[in-house]
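Source file: model08.txt (compact mmCIF, C-alpha atoms and all ligand atoms)
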```
# COMPACT_ATOMS: atom_id res chain seq x y z
CA MET A 1 157.65 182.50 86.10
CA SER A 2 158.92 181.94 89.61
CA VAL A 3 156.72 181.67 92.69
CA PHE A 4 158.12 184.96 93.98
CA LEU A 5 157.00 186.74 90.82
CA TRP A 6 153.47 185.32 91.10
CA VAL A 7 153.24 186.44 94.75
CA MET A 8 154.33 189.92 93.67
CA ILE A 9 151.69 189.93 90.93
CA CYS A 10 149.03 188.94 93.51
CA LEU A 11 150.07 191.72 95.88
CA MET A 12 150.08 194.28 93.08
CA GLY A 13 146.66 192.96 92.08
CA LEU A 14 145.32 193.60 95.59
CA CYS A 15 146.63 197.19 95.52
CA TRP A 16 145.12 197.61 92.07
CA GLY A 17 141.78 196.36 93.46
CA SER A 18 142.06 198.92 96.25
CA PHE A 19 142.56 201.63 93.62
CA LEU A 20 139.47 200.38 91.76
CA ASN A 21 137.47 200.88 94.97
CA VAL A 22 138.63 204.49 95.08
CA LEU A 23 137.75 204.87 91.40
CA ILE A 24 134.20 203.57 91.95
CA VAL A 25 133.56 205.71 95.03
CA ARG A 26 135.04 208.87 93.54
CA THR A 27 133.31 208.44 90.18
CA LEU A 28 129.98 208.23 92.01
CA SER A 29 130.74 211.19 94.30
CA GLY A 30 132.35 213.24 91.51
CA GLU A 31 135.52 213.87 93.57
CA SER A 32 139.07 213.84 92.26
CA ILE A 33 140.92 210.49 92.41
CA ILE A 34 144.04 211.96 94.02
CA MET A 35 142.67 214.40 96.59
CA PRO A 36 141.37 214.36 99.30
CA PRO A 37 142.95 211.29 101.00
CA SER A 38 140.74 208.28 101.82
CA LYS A 39 138.10 208.78 104.48
CA CYS A 40 135.34 206.76 106.10
CA PRO A 41 132.15 207.18 104.03
CA LYS A 42 130.04 207.02 107.20
CA CYS A 43 131.79 209.45 109.61
CA GLY A 44 134.08 211.27 107.16
CA HIS A 45 137.19 210.79 109.32
CA SER A 46 140.46 210.62 107.38
CA LEU A 47 141.96 207.12 107.49
CA TYR A 48 145.43 206.14 108.76
CA TRP A 49 147.81 204.47 106.33
CA TRP A 50 147.28 201.05 107.94
CA HIS A 51 143.51 201.31 107.32
CA ASN A 52 144.21 201.16 103.58
CA ILE A 53 146.07 197.86 103.30
CA PRO A 54 144.00 195.70 100.94
CA LEU A 55 142.15 192.81 102.66
CA VAL A 56 144.47 192.98 105.71
CA SER A 57 142.94 196.19 107.08
CA PHE A 58 139.44 194.81 106.69
CA LEU A 59 140.43 191.73 108.71
CA ILE A 60 142.34 193.70 111.41
CA LEU A 61 139.47 196.17 111.81
CA GLN A 62 137.00 193.23 111.75
CA GLY A 63 134.95 194.96 109.09
CA LYS A 64 134.31 198.07 111.22
CA CYS A 65 135.48 201.69 110.99
CA TYR A 66 138.30 202.44 113.48
CA PHE A 67 136.69 205.78 114.42
CA CYS A 68 132.90 205.42 114.31
CA ASN A 69 132.71 201.62 114.65
CA LYS A 70 130.14 201.41 111.84
CA SER A 71 130.49 198.43 109.51
CA ILE A 72 132.57 198.76 106.34
CA ASP A 73 130.80 197.71 103.13
CA ILE A 74 131.74 194.09 102.32
CA LEU A 75 132.07 195.21 98.68
CA TYR A 76 135.45 196.85 99.44
CA PRO A 77 137.35 193.62 100.19
CA ILE A 78 135.40 191.83 97.43
CA ILE A 79 136.52 194.39 94.82
CA GLU A 80 140.10 194.19 96.12
CA PHE A 81 139.92 190.45 95.60
CA VAL A 82 138.35 190.80 92.14
CA GLY A 83 141.08 193.34 91.25
CA MET A 84 143.67 190.72 92.16
CA ALA A 85 141.79 188.07 90.16
CA ILE A 86 141.75 190.36 87.10
CA VAL A 87 145.53 190.97 87.29
CA LEU A 88 146.25 187.25 87.82
CA PHE A 89 143.92 186.22 85.00
CA SER A 90 145.52 188.73 82.62
CA PHE A 91 149.06 187.55 83.34
CA ILE A 92 148.13 183.86 83.13
CA LYS A 93 146.29 184.34 79.83
CA ASN A 94 148.84 186.57 78.11
CA VAL A 95 152.52 185.93 77.57
CA SER A 96 153.20 189.46 76.37
CA ILE A 97 153.29 192.07 79.14
CA VAL A 98 151.73 194.68 76.83
CA ASP A 99 148.77 192.35 76.20
CA ALA A 100 148.44 191.50 79.90
CA LEU A 101 148.40 195.18 80.91
CA SER A 102 145.85 196.00 78.18
CA VAL A 103 143.58 193.23 79.46
CA VAL A 104 143.99 194.51 83.06
CA ILE A 105 142.86 197.99 81.94
CA ILE A 106 139.96 196.67 79.85
CA LEU A 107 138.52 194.38 82.55
CA SER A 108 139.14 196.81 85.43
CA MET A 109 137.50 199.76 83.72
CA PHE A 110 134.53 197.57 82.76
CA LEU A 111 134.26 196.48 86.41
CA VAL A 112 134.18 200.12 87.59
CA LEU A 113 131.72 201.08 84.84
CA SER A 114 129.42 198.18 85.81
CA PHE A 115 129.22 199.42 89.38
CA THR A 116 128.67 203.08 88.57
CA ASP A 117 126.17 202.23 85.82
CA VAL A 118 124.11 199.93 88.06
CA LYS A 119 124.24 202.26 91.06
CA GLU A 120 123.59 205.64 89.49
CA ARG A 121 123.51 205.09 85.74
CA LYS A 122 126.85 206.91 85.53
CA VAL A 123 129.22 206.02 82.69
CA SER A 124 132.56 207.78 82.78
CA VAL A 125 133.76 208.85 79.33
CA ILE A 126 137.39 208.80 80.53
CA GLN A 127 137.11 205.17 81.67
CA CYS A 128 135.56 204.21 78.31
CA ALA A 129 138.41 206.08 76.56
CA PHE A 130 140.92 203.99 78.53
CA ILE A 131 139.18 200.79 77.38
CA ILE A 132 139.25 201.97 73.76
CA LEU A 133 142.94 202.84 74.05
CA ALA A 134 143.75 199.48 75.67
CA GLY A 135 141.62 197.76 73.01
CA LEU A 136 143.65 199.43 70.25
CA VAL A 137 146.92 198.34 71.89
CA PHE A 138 145.59 194.79 72.41
CA ASN A 139 144.57 194.63 68.72
CA ARG A 140 147.68 196.43 67.46
CA HIS A 141 148.15 193.77 64.74
CA ASP A 142 144.71 194.61 63.35
CA ILE A 143 144.32 198.18 64.49
CA ILE A 144 142.00 199.13 61.62
CA GLY A 145 139.55 196.35 62.57
CA SER A 146 139.62 197.68 66.11
CA VAL A 147 138.98 201.30 65.07
CA ILE A 148 136.14 200.31 62.74
CA GLY A 149 134.72 198.05 65.47
CA GLY A 150 134.64 200.99 67.90
CA LEU A 151 133.05 203.33 65.38
CA VAL A 152 130.42 200.79 64.26
CA GLY A 153 129.64 199.85 67.90
CA ALA A 154 129.04 203.47 68.86
CA GLY A 155 127.28 204.14 65.54
CA ILE A 156 124.73 201.35 66.06
CA VAL A 157 123.64 202.78 69.42
CA MET A 158 123.48 206.31 67.99
CA ALA A 159 121.37 205.10 65.06
CA ILE A 160 118.94 203.17 67.30
CA SER A 161 118.68 206.14 69.69
CA TYR A 162 117.99 208.45 66.77
CA ILE A 163 115.32 206.20 65.23
CA GLY A 164 113.74 205.61 68.67
CA SER A 165 113.43 209.28 69.53
CA LYS A 166 112.58 210.49 66.02
CA PHE A 167 109.96 207.94 65.00
CA PHE A 168 108.73 206.32 68.21
CA ASN A 169 109.25 209.17 70.65
CA LYS A 170 111.02 206.81 73.04
CA VAL A 171 114.38 207.03 74.78
CA THR A 172 116.11 203.74 73.89
CA PHE A 173 119.69 204.22 75.09
CA GLY A 174 121.57 206.63 77.31
CA VAL A 175 124.53 208.65 76.05
CA GLY A 176 126.82 206.40 78.13
CA ASP A 177 125.71 203.36 76.11
CA ILE A 178 127.27 204.92 72.98
CA TYR A 179 130.68 204.92 74.69
CA LEU A 180 130.15 201.43 76.15
CA LEU A 181 129.37 199.89 72.74
CA GLY A 182 132.25 201.85 71.21
CA ALA A 183 134.55 200.38 73.85
CA LEU A 184 133.24 196.85 73.19
CA GLY A 185 133.80 197.33 69.44
CA ALA A 186 137.38 198.52 69.97
CA VAL A 187 138.16 195.46 72.10
CA VAL A 188 136.56 192.69 70.02
CA GLY A 189 137.12 194.30 66.60
CA ILE A 190 134.70 194.59 63.69
CA ASP A 191 134.92 190.84 62.79
CA ARG A 192 133.41 189.71 66.06
CA LEU A 193 131.43 192.81 67.03
CA PHE A 194 127.99 191.52 66.09
CA LEU A 195 128.53 188.15 67.75
CA PHE A 196 129.51 189.83 71.00
CA ILE A 197 126.65 192.32 70.80
CA ILE A 198 124.33 189.29 70.62
CA TYR A 199 126.08 187.81 73.69
CA ALA A 200 125.67 191.12 75.53
CA LEU A 201 121.98 191.37 74.62
CA PHE A 202 121.38 187.80 75.75
CA LEU A 203 123.12 188.51 79.08
CA GLU A 204 121.17 191.74 79.42
CA PHE A 205 118.00 189.73 78.92
CA LEU A 206 119.02 187.32 81.72
CA LEU A 207 119.91 190.21 84.03
CA VAL A 208 116.78 192.22 83.29
CA ILE A 209 114.22 189.40 83.52
CA PRO A 210 114.39 189.06 87.36
CA GLN A 211 114.08 192.84 87.65
CA TYR A 212 111.13 192.78 85.26
CA VAL A 213 109.41 190.00 87.21
CA ILE A 214 109.86 191.92 90.48
CA GLY A 215 108.31 194.96 88.77
CA LEU A 216 105.35 192.83 87.68
CA ILE A 217 104.80 191.47 91.20
CA ARG A 218 105.06 194.93 92.78
CA SER A 219 102.59 196.50 90.38
CA ASN A 220 100.22 193.52 90.60
CA GLN A 221 100.46 192.57 86.96
CA GLY A 222 99.36 188.97 87.59
CA GLU A 223 98.20 188.47 84.02
CA THR A 224 101.59 189.16 82.42
CA LEU A 225 103.39 187.20 85.12
CA LYS A 226 101.13 184.19 84.48
CA TYR A 227 101.99 184.15 80.78
CA LEU A 228 105.67 184.62 81.53
CA ILE A 229 105.60 181.52 83.75
CA ILE A 230 103.58 179.48 81.21
CA PHE A 231 106.01 180.53 78.50
CA GLY A 232 109.01 179.52 80.63
CA ILE A 233 107.59 176.13 81.62
CA ALA A 234 106.42 175.31 78.09
CA CYS A 235 109.88 176.21 76.73
CA LEU A 236 111.47 173.96 79.32
CA PHE A 237 109.18 171.03 78.45
CA LEU A 238 109.78 171.60 74.77
CA TYR A 239 113.50 171.40 75.40
CA VAL A 240 113.22 168.27 77.56
CA SER A 241 110.78 166.45 75.26
CA ARG A 242 113.16 167.02 72.36
CA ASN A 243 115.64 164.73 74.08
CA ILE A 244 113.26 161.96 75.15
CA SER A 245 112.39 160.09 72.00
CA PHE A 246 109.46 158.01 73.31
CA PHE A 247 107.86 161.12 74.83
CA CYS A 248 108.44 163.13 71.76
CA SER A 249 105.50 162.22 69.60
CA ASN A 250 104.66 164.94 67.14
CA LEU A 251 101.34 165.61 68.84
CA ILE A 252 102.92 166.49 72.21
CA LEU A 253 105.56 168.60 70.51
CA ALA A 254 102.87 170.44 68.59
CA CYS A 255 100.93 171.06 71.83
CA PHE A 256 103.92 172.59 73.54
CA LEU A 257 104.77 174.64 70.50
CA TRP A 258 101.24 175.97 70.47
CA ILE A 259 101.44 176.89 74.19
CA VAL A 260 104.78 178.62 73.62
CA LEU A 261 103.44 180.65 70.71
CA PHE A 262 100.23 181.53 72.53
CA ALA A 263 102.05 182.59 75.71
CA ALA A 264 104.62 184.52 73.68
CA TYR A 265 101.87 186.36 71.83
CA LYS A 266 100.10 187.27 75.09
CA LEU A 267 103.39 188.21 76.69
CA ILE A 268 104.46 190.54 73.91
CA ARG A 269 101.02 192.15 73.84
CA ASN A 270 101.10 192.77 77.61
CA LEU A 271 104.69 193.90 77.45
CA PHE A 272 103.88 196.61 74.95
CA SER A 273 100.88 197.84 76.91
CA ASN A 274 103.09 197.84 80.03
CA LEU A 275 105.67 200.08 78.41
CA GLU A 276 103.33 202.95 79.22
CA ASN A 277 103.43 201.90 82.87
CA PRO A 278 106.39 203.68 84.48
CA GLU A 279 106.53 201.23 87.40
CA ILE A 280 107.51 198.32 85.18
CA GLN A 281 109.60 200.23 82.68
CA SER A 282 112.89 199.51 84.35
CA GLU A 283 116.09 201.37 83.75
CA CYS A 284 118.45 198.81 82.27
CA PRO A 285 122.14 199.45 82.83
CA LEU A 286 124.05 197.92 79.91
CA ALA A 287 127.56 197.97 81.39
CA PRO A 288 127.48 194.62 83.29
CA ALA A 289 126.26 192.68 80.22
CA ILE A 290 128.88 194.31 77.97
CA ALA A 291 131.57 193.69 80.60
CA ILE A 292 130.75 189.96 80.79
CA SER A 293 130.56 189.76 77.01
CA CYS A 294 134.06 191.28 76.86
CA LEU A 295 135.31 188.82 79.48
CA ILE A 296 134.02 185.93 77.33
CA PHE A 297 136.02 187.35 74.41
CA LEU A 298 139.21 187.67 76.47
CA CYS A 299 138.88 184.10 77.82
ZN ZN B 1 133.79 205.92 110.32
```
Would you put the structure from the file into structure tokens?
Ligand SMILES: [Zn+2]
Amino acid sequence: MSVFLWVMICLMGLCWGSFLNVLIVRTLSGESIIMPPSKCPKCGHSLYWWHNIPLVSFLILQGKCYFCNKSIDILYPIIEFVGMAIVLFSFIKNVSIVDALSVVIILSMFLVLSFTDVKERKVSVIQCAFIILAGLVFNRHDIIGSVIGGLVGAGIVMAISYIGSKFFNKVTFGVGDIYLLGALGAVVGIDRLFLFIIYALFLEFLLVIPQYVIGLIRSNQGETLKYLIIFGIACLFLYVSRNISFFCSNLILACFLWIVLFAAYKLIRNLFSNLENPEIQSECPLAPAIAISCLIFLC
């Protein structure tokens, strides 16, 4: 493609990013996407057309509202930039325009869902439906695999939710998670669904652990925190000692293994007793982990 075409794609990407901003804000506020026209979230003043030029307006206005002079959230230009990156990535990765546009829809909707899920645990059914639709188009050569993937993805969450509430009296997933997993299934297809669920769970684990640790510190759960740290350090040493042959006598390895198992046992025991503690029981939005998992698939 010519340089001119790539520049055009970048500019369209920036506008698309600007639209994604609107989508995030309006999904959270529950307003329509089309009306009313854009306004400052701080003072409510309607914006002029030149306040809405992606990136440029932010630079001209020096990050401040033209009317009330309050600072504009840095997230706006960042999302505009990410919107452009998504469009560029999609067109670099895919020769077919249909594929590229499907990938743009999939990644963009997942981006919006990640924000609304993290901020207010809101998952828009319409946005998930767009992902599923784009997933079906993207997998049009194996559309049955895609449909089954979507159904199985949603079905797994429904089954776990049902078992959790029926037998353990616990809320395991939100309704939105059913749509999110359905969307993931439609994109990756049934063949790779379980692999990418494992990726998503692993990512979720990485994203939740810092939140969990903060919860422990805030509620003064020193005991659990101590075992978490011991577990982490022992795992690290176990990993390192595996690679250093002279250090890796069976005795040392056995010691570390014992520490890992002991800490893990203590950790799991404390974790279960903490589940009753509402301060630590953190709400875990699934959308970011699923979005990254999907991105890995599309790379
Ligand atoms: Zn303002």
Go through the chains and note each residue within 9 Å of ligand ZN 1 (chain B), using all atoms listed in the file, then give the set as a compact mmCIF listing (two decimals) with C-alpha atoms, keeping the file's coordinate frame.
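Contents of result_27.txt, as written:
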```
# COMPACT_ATOMS: atom_id res chain seq x y z
CA LYS A 39 138.10 208.78 104.48
CA CYS A 40 135.34 206.76 106.10
CA PRO A 41 132.15 207.18 104.03
CA LYS A 42 130.04 207.02 107.20
CA CYS A 43 131.79 209.45 109.61
CA GLY A 44 134.08 211.27 107.16
CA HIS A 45 137.19 210.79 109.32
CA SER A 46 140.46 210.62 107.38
CA LEU A 47 141.96 207.12 107.49
CA LYS A 64 134.31 198.07 111.22
CA CYS A 65 135.48 201.69 110.99
CA TYR A 66 138.30 202.44 113.48
CA PHE A 67 136.69 205.78 114.42
CA CYS A 68 132.90 205.42 114.31
CA ASN A 69 132.71 201.62 114.65
CA LYS A 70 130.14 201.41 111.84
CA SER A 71 130.49 198.43 109.51
CA ILE A 72 132.57 198.76 106.34
```
Open item on the list: Residues within 10 Å of range 31-37 of chain A, please, as a list in words. Count only C-alpha atoms; anything in the same chain fewer than 2 positions from it doesn't count.
Closed with: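 Counting only C-alpha atoms, the residues come to Phe19, Val22, Leu23, Ile24, Val25, Arg26, Thr27, Leu28, Ser29, Lys39, Ser46, Leu47, Tyr48 and Trp49 of chain A.
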Task: Interatomic distance (Å, one decimal) between CA of Ile106 in chain A and CA of Asp73 in chain A - done: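 Computing it gives 25.0 Å between the two atoms.
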Task: Residue neighbourhood Ile78 in chain A, 9 Å, only C-alpha atoms, exclusion window fewer than 4 positions, as number ranges by chain - done: A: 17, 55, 74, 82-83
Would you mind exporting the chosen residues as a PDB file, in the coordinates of the input, restricted to C-alpha atoms?
```pdb
ATOM      1  CA  GLY A  17     141.780 196.360  93.460  1.00  0.00           C
ATOM      2  CA  LEU A  55     142.150 192.810 102.660  1.00  0.00           C
ATOM      3  CA  ILE A  74     131.740 194.090 102.320  1.00  0.00           C
ATOM      4  CA  VAL A  82     138.350 190.800  92.140  1.00  0.00           C
ATOM      5  CA  GLY A  83     141.080 193.340  91.250  1.00  0.00           C
TER       6      GLY A  83
END
```
TODO: Can you work out the spacing between CA of Gly13 in chain A and CA of Lys93 in chain A in Å, to one decimal?
DONE: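 Result for CA of Gly13 in chain A versus CA of Lys93 in chain A: 15.0 Å, one decimal.
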Task: Spatial neighbours of Val187 in chain A, 7 Å, all atoms listed in the file, chain gap at least 4 places, as a count of residues only - done: 4
Task: Nearby residues (only C-alpha atoms) at most 7 Å from Ile230 in chain A, same-chain spacing under 4 positions excluded, as number ranges by chain - done: A: 226, 234, 263
Task: Nearest candidate to Leu180 in chain A (options A:Val125, A:Leu201, A:Leu59, A:Val118; using all atoms listed in the file) - done: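 Once distances to Leu180 in chain A are computed over all atoms listed in the file, the minimum belongs to A:Val125.
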Task: Nearest candidate to Leu88 in chain A (options A:Trp6, A:Phe205, A:Phe173, A:Phe256; using all atoms listed in the file) - done: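 Among A:Trp6, A:Phe205, A:Phe173, A:Phe256, it is A:Trp6 that comes nearest to Leu88 in chain A.
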Task: Length of the CA of Ile160 in chain A to CA of Asp177 in chain A vector [Å] - done: 11.1 Å
Task: Surrounding residues of Gly155 in chain A excluding itself and chain neighbours under 4 positions, 8 Å, only C-alpha atoms, as number ranges by chain - done: A: 151, 159, 178, 182
TODO: Name the residues, using the chain letters and numbers of the file, that sit within 10 Å of (143.4, 200.0, 94.5) when counting all atoms listed in the file, and give them as a list of chain:residue names.
DONE: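 The residues that fall inside the cut-off are A:Met12, A:Gly13, A:Leu14, A:Cys15, A:Trp16, A:Gly17, A:Ser18, A:Phe19, A:Leu20, A:Asn21, A:Val22, A:Leu23, A:Asn52, A:Ile53, A:Pro54, A:Tyr76, A:Ile79, A:Glu80, A:Gly83, A:Met84.
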- [ ] Identify which of the residues A:Phe4, A:Tyr179, A:Tyr162, A:Phe89 lies closest to Leu295 in chain A, counting all atoms listed in the file when measuring atom-to-atom distances.
- [x]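 Using all atoms listed in the file, the shortest distance to Leu295 in chain A belongs to A:Phe89.
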